[in-house]
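Enquirer: Provided below: entry13.csv, containing CSV, C-alpha atoms.
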chain,number,residue,atom,x,y,z
A,17,ALA,CA,-36.7,-15.8,13.7
A,18,GLN,CA,-37.6,-18.8,15.7
A,19,LYS,CA,-40.1,-21.2,14.2
A,20,VAL,CA,-41.3,-24.7,14.5
A,21,THR,CA,-42.9,-26.5,11.6
A,22,GLN,CA,-44.9,-29.6,11.8
A,23,ALA,CA,-45.8,-30.3,8.2
A,24,GLN,CA,-48.1,-33.2,9.0
A,25,THR,CA,-51.5,-31.8,10.0
A,26,GLU,CA,-53.2,-35.1,10.5
A,27,ILE,CA,-52.1,-38.7,10.3
A,28,SER,CA,-54.1,-41.9,10.5
A,29,VAL,CA,-52.5,-45.3,11.0
A,30,VAL,CA,-53.8,-48.7,12.0
A,31,GLU,CA,-53.1,-50.0,15.4
A,32,LYS,CA,-49.7,-51.7,15.8
A,33,GLU,CA,-48.1,-49.8,13.0
A,34,ASP,CA,-45.2,-47.5,13.6
A,35,VAL,CA,-45.6,-43.8,12.9
A,36,THR,CA,-43.2,-40.9,12.8
A,37,LEU,CA,-44.1,-37.3,13.4
A,38,ASP,CA,-41.9,-34.8,11.8
A,39,CYS,CA,-40.6,-31.6,13.4
A,40,VAL,CA,-38.4,-29.0,11.8
A,41,TYR,CA,-37.2,-25.9,13.6
A,42,GLU,CA,-35.5,-22.7,12.9
A,43,THR,CA,-33.3,-20.7,15.3
A,44,ARG,CA,-30.3,-18.5,15.0
A,45,ASP,CA,-28.7,-19.6,18.3
A,46,THR,CA,-26.6,-22.6,19.1
A,47,THR,CA,-28.2,-23.1,22.6
A,48,TYR,CA,-31.8,-24.1,22.7
A,49,TYR,CA,-34.2,-26.7,24.0
A,50,LEU,CA,-36.6,-28.8,22.0
A,51,PHE,CA,-39.8,-30.4,23.4
A,52,TRP,CA,-42.5,-32.8,22.5
A,53,TYR,CA,-45.9,-32.6,24.2
A,54,LYS,CA,-49.0,-34.8,23.8
A,55,GLN,CA,-52.5,-33.3,24.1
A,56,PRO,CA,-55.2,-35.9,24.4
A,57,PRO,CA,-58.9,-35.1,23.9
A,58,SER,CA,-59.1,-34.0,27.6
A,59,GLY,CA,-56.9,-31.0,26.6
A,60,GLU,CA,-54.2,-31.3,29.3
A,61,LEU,CA,-50.7,-31.1,27.9
A,62,VAL,CA,-48.5,-34.1,28.7
A,63,PHE,CA,-44.8,-33.5,28.7
A,64,LEU,CA,-42.9,-36.2,26.7
A,65,ILE,CA,-39.3,-35.0,26.3
A,66,ARG,CA,-37.0,-32.0,26.5
A,67,ARG,CA,-33.7,-32.1,24.6
A,68,ASN,CA,-30.8,-29.7,24.9
A,69,SER,CA,-29.3,-28.6,21.7
A,70,PHE,CA,-25.9,-29.9,22.7
A,71,ASP,CA,-27.2,-33.4,23.2
A,72,GLU,CA,-27.7,-35.1,19.9
A,73,GLN,CA,-28.1,-38.6,21.2
A,74,ASN,CA,-31.3,-40.3,20.1
A,75,GLU,CA,-33.6,-41.2,23.0
A,76,ILE,CA,-35.8,-44.2,23.5
A,77,SER,CA,-38.5,-44.4,26.1
A,78,GLY,CA,-40.6,-47.5,25.8
A,79,ARG,CA,-42.5,-47.3,22.5
A,80,TYR,CA,-41.4,-43.7,22.0
A,81,SER,CA,-38.2,-42.6,20.3
A,82,TRP,CA,-36.8,-39.3,19.2
A,83,ASN,CA,-34.3,-38.6,16.4
A,84,PHE,CA,-32.5,-35.3,16.8
A,85,GLN,CA,-30.4,-34.1,13.9
A,86,LYS,CA,-28.9,-30.7,14.1
A,87,SER,CA,-27.6,-30.9,10.5
A,88,THR,CA,-31.2,-30.9,9.2
A,89,SER,CA,-32.7,-29.0,12.2
A,90,SER,CA,-35.1,-31.8,12.8
A,91,PHE,CA,-36.4,-33.5,15.9
A,92,ASN,CA,-38.7,-36.3,14.8
A,93,PHE,CA,-40.8,-38.5,17.1
A,94,THR,CA,-41.5,-42.1,16.4
A,95,ILE,CA,-44.1,-44.3,18.1
A,96,THR,CA,-43.6,-48.0,17.5
A,97,ALA,CA,-46.4,-50.5,17.7
A,98,SER,CA,-49.0,-47.7,18.0
A,99,GLN,CA,-52.0,-48.1,20.3
A,100,VAL,CA,-55.4,-46.5,20.2
A,101,VAL,CA,-54.5,-44.6,23.4
A,102,ASP,CA,-51.8,-42.8,21.4
A,103,SER,CA,-54.5,-40.9,19.6
A,104,ALA,CA,-53.9,-37.3,20.4
A,105,VAL,CA,-52.5,-34.0,19.1
A,106,TYR,CA,-48.7,-33.9,19.4
A,107,PHE,CA,-46.8,-30.6,19.6
A,108,CYS,CA,-43.2,-30.0,18.9
A,109,ALA,CA,-41.8,-26.9,20.6
A,110,LEU,CA,-38.7,-24.8,20.8
A,111,SER,CA,-37.2,-22.7,23.6
A,112,ASP,CA,-34.4,-20.3,22.7
A,113,PRO,CA,-32.5,-18.7,25.6
A,114,SER,CA,-30.8,-16.2,23.3
A,115,MET,CA,-34.0,-14.3,22.9
A,116,ASN,CA,-33.4,-12.8,26.3
A,117,ARG,CA,-36.7,-14.5,27.1
A,118,ASP,CA,-35.1,-17.8,27.9
A,119,ASP,CA,-38.4,-19.1,29.2
A,120,LYS,CA,-40.5,-18.6,26.1
A,121,ILE,CA,-41.7,-21.7,24.3
A,122,ILE,CA,-42.7,-21.6,20.7
A,123,PHE,CA,-45.1,-24.3,19.6
A,124,GLY,CA,-45.6,-25.9,16.3
A,125,LYS,CA,-49.1,-26.2,14.9
A,126,GLY,CA,-49.4,-29.8,16.0
A,127,THR,CA,-50.0,-33.1,14.4
A,128,ARG,CA,-53.3,-34.8,15.0
A,129,LEU,CA,-52.7,-38.5,15.2
A,130,HIS,CA,-55.5,-41.1,14.8
A,131,ILE,CA,-54.8,-44.7,15.7
A,132,LEU,CA,-57.4,-46.9,14.2
A,133,PRO,CA,-58.4,-50.1,15.9
B,28,GLY,CA,-44.1,-33.2,42.1
B,29,ALA,CA,-44.4,-30.1,40.0
B,30,VAL,CA,-48.2,-30.0,39.7
B,31,VAL,CA,-50.0,-27.0,38.4
B,32,SER,CA,-53.8,-26.6,38.8
B,33,GLN,CA,-56.3,-24.3,37.2
B,34,HIS,CA,-59.7,-23.2,38.4
B,35,PRO,CA,-62.3,-23.4,37.0
B,36,SER,CA,-61.8,-26.2,34.5
B,37,TRP,CA,-64.6,-24.8,32.5
B,38,VAL,CA,-66.8,-21.7,32.6
B,39,ILE,CA,-69.7,-20.4,30.6
B,40,CYS,CA,-70.6,-16.7,30.9
B,41,LYS,CA,-72.7,-14.0,29.3
B,42,SER,CA,-71.2,-11.5,26.9
B,43,GLY,CA,-70.0,-8.4,28.7
B,44,THR,CA,-69.1,-10.1,32.0
B,45,SER,CA,-65.7,-10.7,33.4
B,46,VAL,CA,-64.2,-14.0,34.2
B,47,LYS,CA,-61.3,-14.8,36.4
B,48,ILE,CA,-59.1,-17.9,36.0
B,49,GLU,CA,-56.7,-19.1,38.6
B,50,CYS,CA,-53.4,-20.9,38.1
B,51,ARG,CA,-51.7,-22.4,41.1
B,52,SER,CA,-48.4,-24.3,41.5
B,53,LEU,CA,-49.2,-26.8,44.2
B,54,ASP,CA,-45.8,-28.1,45.3
B,55,PHE,CA,-43.3,-25.6,44.1
B,56,GLN,CA,-42.7,-21.9,44.0
B,57,ALA,CA,-43.3,-20.5,40.5
B,58,THR,CA,-41.2,-17.4,39.8
B,59,THR,CA,-42.7,-17.2,36.4
B,60,MET,CA,-46.1,-18.1,35.0
B,61,PHE,CA,-47.3,-18.1,31.5
B,62,TRP,CA,-50.7,-17.8,30.0
B,63,TYR,CA,-51.5,-19.4,26.6
B,64,ARG,CA,-54.7,-19.4,24.5
B,65,GLN,CA,-55.6,-22.2,22.2
B,66,PHE,CA,-58.5,-21.9,19.7
B,67,PRO,CA,-60.1,-25.2,18.5
B,68,LYS,CA,-57.7,-27.3,16.4
B,69,GLN,CA,-55.0,-24.7,16.7
B,70,SER,CA,-51.7,-24.5,18.5
B,71,LEU,CA,-51.0,-22.8,21.8
B,72,MET,CA,-50.2,-19.1,21.5
B,73,LEU,CA,-48.5,-17.4,24.3
B,74,MET,CA,-50.5,-14.4,25.6
B,75,ALA,CA,-48.3,-13.1,28.4
B,76,THR,CA,-45.5,-13.9,30.9
B,77,SER,CA,-45.9,-12.9,34.5
B,78,ASN,CA,-43.2,-12.7,37.2
B,79,GLU,CA,-44.2,-12.6,40.8
B,80,GLY,CA,-44.5,-9.1,42.0
B,81,SER,CA,-44.1,-7.4,38.7
B,82,LYS,CA,-46.2,-6.4,35.7
B,83,ALA,CA,-46.9,-9.0,33.1
B,84,THR,CA,-45.3,-8.9,29.7
B,85,TYR,CA,-47.8,-9.3,26.9
B,86,GLU,CA,-47.2,-10.7,23.5
B,87,GLN,CA,-47.8,-8.5,20.5
B,88,GLY,CA,-51.5,-8.3,19.7
B,89,VAL,CA,-52.7,-9.2,23.1
B,90,GLU,CA,-54.7,-6.4,24.8
B,91,LYS,CA,-53.4,-6.0,28.3
B,92,ASP,CA,-56.5,-4.0,29.4
B,93,LYS,CA,-58.7,-6.9,28.3
B,94,PHE,CA,-56.6,-9.7,29.7
B,95,LEU,CA,-55.6,-8.7,33.2
B,96,ILE,CA,-52.9,-10.8,34.8
B,97,ASN,CA,-52.0,-10.7,38.5
B,98,HIS,CA,-49.1,-12.8,39.9
B,99,ALA,CA,-49.4,-11.8,43.5
B,100,SER,CA,-47.6,-14.7,45.1
B,101,LEU,CA,-45.1,-17.4,44.1
B,102,THR,CA,-47.9,-20.0,43.8
B,103,LEU,CA,-50.8,-18.1,42.3
B,104,SER,CA,-51.4,-16.2,39.1
B,105,THR,CA,-54.8,-15.1,37.8
B,106,LEU,CA,-56.0,-14.2,34.4
B,107,THR,CA,-59.1,-12.0,34.2
B,108,VAL,CA,-60.9,-11.7,30.9
B,109,THR,CA,-62.7,-8.4,31.1
B,110,SER,CA,-65.9,-7.7,29.2
B,111,ALA,CA,-65.8,-11.1,27.6
B,112,HIS,CA,-67.2,-11.5,24.1
B,113,PRO,CA,-67.9,-14.7,22.1
B,114,GLU,CA,-64.6,-14.3,20.2
B,115,ASP,CA,-62.8,-14.7,23.6
B,116,SER,CA,-64.2,-18.3,23.8
B,117,SER,CA,-61.1,-20.5,23.9
B,118,PHE,CA,-59.0,-22.9,25.9
B,119,TYR,CA,-56.8,-21.0,28.3
B,120,ILE,CA,-53.7,-22.9,29.6
B,121,CYS,CA,-51.3,-21.7,32.2
B,122,SER,CA,-47.8,-23.0,32.9
B,123,ALA,CA,-45.4,-22.3,35.7
B,124,MET,CA,-41.7,-22.3,36.0
B,125,GLY,CA,-39.9,-22.8,39.3
B,126,SER,CA,-36.7,-21.2,40.5
B,127,GLY,CA,-35.2,-24.4,42.0
B,128,ARG,CA,-32.4,-26.1,40.3
B,129,ALA,CA,-34.3,-29.2,39.4
B,130,LEU,CA,-37.1,-27.1,37.9
B,131,TYR,CA,-35.0,-24.6,36.1
B,132,ASN,CA,-36.2,-23.5,32.7
B,133,GLU,CA,-38.8,-26.2,32.7
B,134,GLN,CA,-42.5,-25.2,32.4
B,135,PHE,CA,-45.2,-27.3,34.0
B,136,PHE,CA,-48.6,-26.9,32.4
B,137,GLY,CA,-52.0,-26.7,34.0
B,138,PRO,CA,-55.0,-28.7,32.8
B,139,GLY,CA,-56.5,-25.8,31.1
B,140,THR,CA,-59.8,-23.8,31.4
B,141,ARG,CA,-62.4,-23.9,28.7
B,142,LEU,CA,-64.2,-20.5,28.4
B,143,THR,CA,-67.4,-20.2,26.5
B,144,VAL,CA,-68.9,-16.8,26.1
B,145,LEU,CA,-72.5,-16.7,25.1
Mind turning this structure into structure tokens?
Expert:
Amino acid sequence: AQKVTQAQTEISVVEKEDVTLDCVYETRDTTYYLFWYKQPPSGELVFLIRRNSFDEQNEISGRYSWNFQKSTSSFNFTITASQVVDSAVYFCALSDPSMNRDDKIIFGKGTRLHILP
Amino acid sequence: GAVVSQHPSWVICKSGTSVKIECRSLDFQATTMFWYRQFPKQSLMLMATSNEGSKATYEQGVEKDKFLINHASLTLSTLTVTSAHPEDSSFYICSAMGSGRALYNEQFFGPGTRLTVL
């Protein structure tokens, strides 16, 4: 069965601290996609990254970085020098083409991140 | 590019009435559109997948007679909540996936519609 686990329900850090959001996934297939989305209070989902299962290179985009480790089925997300505007709910998600529903995205329960000024 | 809009952004209705929510892909043709529901402080749950010109595929536990989905064109899908009740109050989000190479297998999300049933 496909599953995405975000064990951290809620995190609070002081501005300028680094914070890592954990994501562990389960899938039986070797080909899949992993995603991170940000959902600010407005509710609109903001796409952050999509990673193919064959690409294990870590990615950095400004203050955001992602650590993909297939050996531990994890796709963690780190925000460095956090800012108040980073406060949001962050969802990790999985898309597994082998399900014969290659467009279905399974979301984790989300991590609510509070950046305190 | 790849913008998806939803209308209305919020709606309040009386119990027993029907509400229609529109999802449009503004600058690409969406062969597939998805409807999600998100209750407060919870994750997004896929309700149904709709392909243009064919019947929607509903997830287990979603009543197809209550949540009517129409995907009549490559840029428009509608979700109608029939005989809405307070427990249907939720945030409804659509997403669209294009058929073009650059958009393949990538979903673009709408801004969501907040439904409140009194």
Enquirer: Using 12 Å as the limit and counting only C-alpha atoms, can you tabulate each residue of segment 41-62 of chain A that touches segment 113-129 of chain B, with its shortest atom-to-atom distance in Å and the two atoms involved, as JSON lines?
Expert:
{"residue": "A:Gln55", "atom": "CA", "partner": "B:Ile120", "partner_atom": "CA", "distance": 11.8}
{"residue": "A:Ser58", "atom": "CA", "partner": "B:Phe118", "partner_atom": "CA", "distance": 11.2}
{"residue": "A:Gly59", "atom": "CA", "partner": "B:Phe118", "partner_atom": "CA", "distance": 8.4}
{"residue": "A:Glu60", "atom": "CA", "partner": "B:Ile120", "partner_atom": "CA", "distance": 8.4}
{"residue": "A:Leu61", "atom": "CA", "partner": "B:Ile120", "partner_atom": "CA", "distance": 8.9}
{"residue": "A:Val62", "atom": "CA", "partner": "B:Ser122", "partner_atom": "CA", "distance": 11.9}
Enquirer: Select all residues from chain A having any atom no more than 8 Å from an atom of chain B (counting all atoms listed in the file, ignoring ligands), output as a VMD selection string.
Expert: chain A and resid 59 to 61 107 118 to 119 122 to 126
Enquirer: Around the point (-59.6, -48.2, 11.8), in the coordinates given by the file, pick out the residues reaching within 12 Å, counting only C-alpha atoms, and return them as a ChimeraX atom specification.
Expert: /A:28-33,99-100,103,130-133
Enquirer: Would you output that residue set with C-alpha atoms, as a PDB file, keeping the file's coordinate frame?
Expert:
ATOM      1  CA  SER A  28     -54.100 -41.900  10.500  1.00  0.00           C
ATOM      2  CA  VAL A  29     -52.500 -45.300  11.000  1.00  0.00           C
ATOM      3  CA  VAL A  30     -53.800 -48.700  12.000  1.00  0.00           C
ATOM      4  CA  GLU A  31     -53.100 -50.000  15.400  1.00  0.00           C
ATOM      5  CA  LYS A  32     -49.700 -51.700  15.800  1.00  0.00           C
ATOM      6  CA  GLU A  33     -48.100 -49.800  13.000  1.00  0.00           C
ATOM      7  CA  GLN A  99     -52.000 -48.100  20.300  1.00  0.00           C
ATOM      8  CA  VAL A 100     -55.400 -46.500  20.200  1.00  0.00           C
ATOM      9  CA  SER A 103     -54.500 -40.900  19.600  1.00  0.00           C
ATOM     10  CA  HIS A 130     -55.500 -41.100  14.800  1.00  0.00           C
ATOM     11  CA  ILE A 131     -54.800 -44.700  15.700  1.00  0.00           C
ATOM     12  CA  LEU A 132     -57.400 -46.900  14.200  1.00  0.00           C
ATOM     13  CA  PRO A 133     -58.400 -50.100  15.900  1.00  0.00           C
TER      14      PRO A 133
END
Enquirer: Between atom CA of Val101 of chain A and atom CA of Lys54 of chain A, what distance in Å does the model show, to one decimal?
Expert: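 Straight-line distance from atom CA of Val101 of chain A to atom CA of Lys54 of chain A works out to 11.2 Å.
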Enquirer: May I ask which of the residues B:Ser104, B:Phe66, B:Ala57, B:Val31 is the closest one to Lys82 of chain B, counting only C-alpha atoms?
Expert: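 Among the listed residues, B:Ser104 lies closest to Lys82 of chain B.
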Enquirer: Please complete segment 77-95 of chain A so it has N, CA, C and O atoms, and hand it over as a PDB file, keeping the file's coordinate frame.
Expert:
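Wrote part27.pdb, looks like this:
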ATOM      1  N   SER A  77     -37.783 -44.246  24.877  1.00  0.00           N
ATOM      2  CA  SER A  77     -38.500 -44.400  26.100  1.00  0.00           C
ATOM      3  C   SER A  77     -39.707 -45.325  25.822  1.00  0.00           C
ATOM      4  O   SER A  77     -40.743 -44.871  25.327  1.00  0.00           O
ATOM      5  N   GLY A  78     -39.542 -46.589  26.091  1.00  0.00           N
ATOM      6  CA  GLY A  78     -40.600 -47.500  25.800  1.00  0.00           C
ATOM      7  C   GLY A  78     -40.886 -47.597  24.303  1.00  0.00           C
ATOM      8  O   GLY A  78     -39.984 -47.872  23.503  1.00  0.00           O
ATOM      9  N   ARG A  79     -42.102 -47.287  23.906  1.00  0.00           N
ATOM     10  CA  ARG A  79     -42.500 -47.300  22.500  1.00  0.00           C
ATOM     11  C   ARG A  79     -42.140 -46.011  21.790  1.00  0.00           C
ATOM     12  O   ARG A  79     -42.334 -45.885  20.578  1.00  0.00           O
ATOM     13  N   TYR A  80     -41.672 -45.041  22.545  1.00  0.00           N
ATOM     14  CA  TYR A  80     -41.400 -43.700  22.000  1.00  0.00           C
ATOM     15  C   TYR A  80     -39.876 -43.599  21.710  1.00  0.00           C
ATOM     16  O   TYR A  80     -39.053 -44.037  22.514  1.00  0.00           O
ATOM     17  N   SER A  81     -39.552 -42.957  20.614  1.00  0.00           N
ATOM     18  CA  SER A  81     -38.200 -42.600  20.300  1.00  0.00           C
ATOM     19  C   SER A  81     -38.080 -41.316  19.610  1.00  0.00           C
ATOM     20  O   SER A  81     -39.027 -40.908  18.931  1.00  0.00           O
ATOM     21  N   TRP A  82     -36.960 -40.649  19.797  1.00  0.00           N
ATOM     22  CA  TRP A  82     -36.800 -39.300  19.200  1.00  0.00           C
ATOM     23  C   TRP A  82     -35.445 -39.302  18.454  1.00  0.00           C
ATOM     24  O   TRP A  82     -34.428 -39.805  18.939  1.00  0.00           O
ATOM     25  N   ASN A  83     -35.468 -38.721  17.281  1.00  0.00           N
ATOM     26  CA  ASN A  83     -34.300 -38.600  16.400  1.00  0.00           C
ATOM     27  C   ASN A  83     -33.985 -37.114  16.258  1.00  0.00           C
ATOM     28  O   ASN A  83     -34.705 -36.402  15.550  1.00  0.00           O
ATOM     29  N   PHE A  84     -32.910 -36.658  16.895  1.00  0.00           N
ATOM     30  CA  PHE A  84     -32.500 -35.300  16.800  1.00  0.00           C
ATOM     31  C   PHE A  84     -31.342 -35.127  15.881  1.00  0.00           C
ATOM     32  O   PHE A  84     -30.299 -35.732  16.098  1.00  0.00           O
ATOM     33  N   GLN A  85     -31.502 -34.338  14.839  1.00  0.00           N
ATOM     34  CA  GLN A  85     -30.400 -34.100  13.900  1.00  0.00           C
ATOM     35  C   GLN A  85     -30.260 -32.624  13.655  1.00  0.00           C
ATOM     36  O   GLN A  85     -31.059 -31.988  12.964  1.00  0.00           O
ATOM     37  N   LYS A  86     -29.200 -32.086  14.208  1.00  0.00           N
ATOM     38  CA  LYS A  86     -28.900 -30.700  14.100  1.00  0.00           C
ATOM     39  C   LYS A  86     -28.637 -30.280  12.635  1.00  0.00           C
ATOM     40  O   LYS A  86     -28.937 -29.173  12.198  1.00  0.00           O
ATOM     41  N   SER A  87     -28.025 -31.196  11.892  1.00  0.00           N
ATOM     42  CA  SER A  87     -27.600 -30.900  10.500  1.00  0.00           C
ATOM     43  C   SER A  87     -28.863 -30.553   9.651  1.00  0.00           C
ATOM     44  O   SER A  87     -28.765 -29.768   8.700  1.00  0.00           O
ATOM     45  N   THR A  88     -29.986 -31.145   9.991  1.00  0.00           N
ATOM     46  CA  THR A  88     -31.200 -30.900   9.200  1.00  0.00           C
ATOM     47  C   THR A  88     -32.236 -30.115  10.068  1.00  0.00           C
ATOM     48  O   THR A  88     -33.377 -29.925   9.626  1.00  0.00           O
ATOM     49  N   SER A  89     -31.836 -29.695  11.273  1.00  0.00           N
ATOM     50  CA  SER A  89     -32.700 -29.000  12.200  1.00  0.00           C
ATOM     51  C   SER A  89     -34.048 -29.724  12.366  1.00  0.00           C
ATOM     52  O   SER A  89     -35.154 -29.162  12.237  1.00  0.00           O
ATOM     53  N   SER A  90     -33.922 -30.994  12.641  1.00  0.00           N
ATOM     54  CA  SER A  90     -35.100 -31.800  12.800  1.00  0.00           C
ATOM     55  C   SER A  90     -35.103 -32.537  14.146  1.00  0.00           C
ATOM     56  O   SER A  90     -34.038 -32.882  14.675  1.00  0.00           O
ATOM     57  N   PHE A  91     -36.266 -32.758  14.653  1.00  0.00           N
ATOM     58  CA  PHE A  91     -36.400 -33.500  15.900  1.00  0.00           C
ATOM     59  C   PHE A  91     -37.674 -34.319  15.798  1.00  0.00           C
ATOM     60  O   PHE A  91     -38.736 -33.987  16.285  1.00  0.00           O
ATOM     61  N   ASN A  92     -37.506 -35.471  15.136  1.00  0.00           N
ATOM     62  CA  ASN A  92     -38.700 -36.300  14.800  1.00  0.00           C
ATOM     63  C   ASN A  92     -38.982 -37.287  15.924  1.00  0.00           C
ATOM     64  O   ASN A  92     -38.103 -37.718  16.681  1.00  0.00           O
ATOM     65  N   PHE A  93     -40.233 -37.648  15.982  1.00  0.00           N
ATOM     66  CA  PHE A  93     -40.800 -38.500  17.100  1.00  0.00           C
ATOM     67  C   PHE A  93     -41.418 -39.711  16.464  1.00  0.00           C
ATOM     68  O   PHE A  93     -42.270 -39.590  15.587  1.00  0.00           O
ATOM     69  N   THR A  94     -41.006 -40.881  16.922  1.00  0.00           N
ATOM     70  CA  THR A  94     -41.500 -42.100  16.400  1.00  0.00           C
ATOM     71  C   THR A  94     -42.238 -42.919  17.495  1.00  0.00           C
ATOM     72  O   THR A  94     -41.694 -43.070  18.596  1.00  0.00           O
ATOM     73  N   ILE A  95     -43.415 -43.379  17.178  1.00  0.00           N
ATOM     74  CA  ILE A  95     -44.100 -44.300  18.100  1.00  0.00           C
ATOM     75  C   ILE A  95     -44.138 -45.657  17.397  1.00  0.00           C
ATOM     76  O   ILE A  95     -44.599 -45.797  16.251  1.00  0.00           O
TER      77      ILE A  95
END
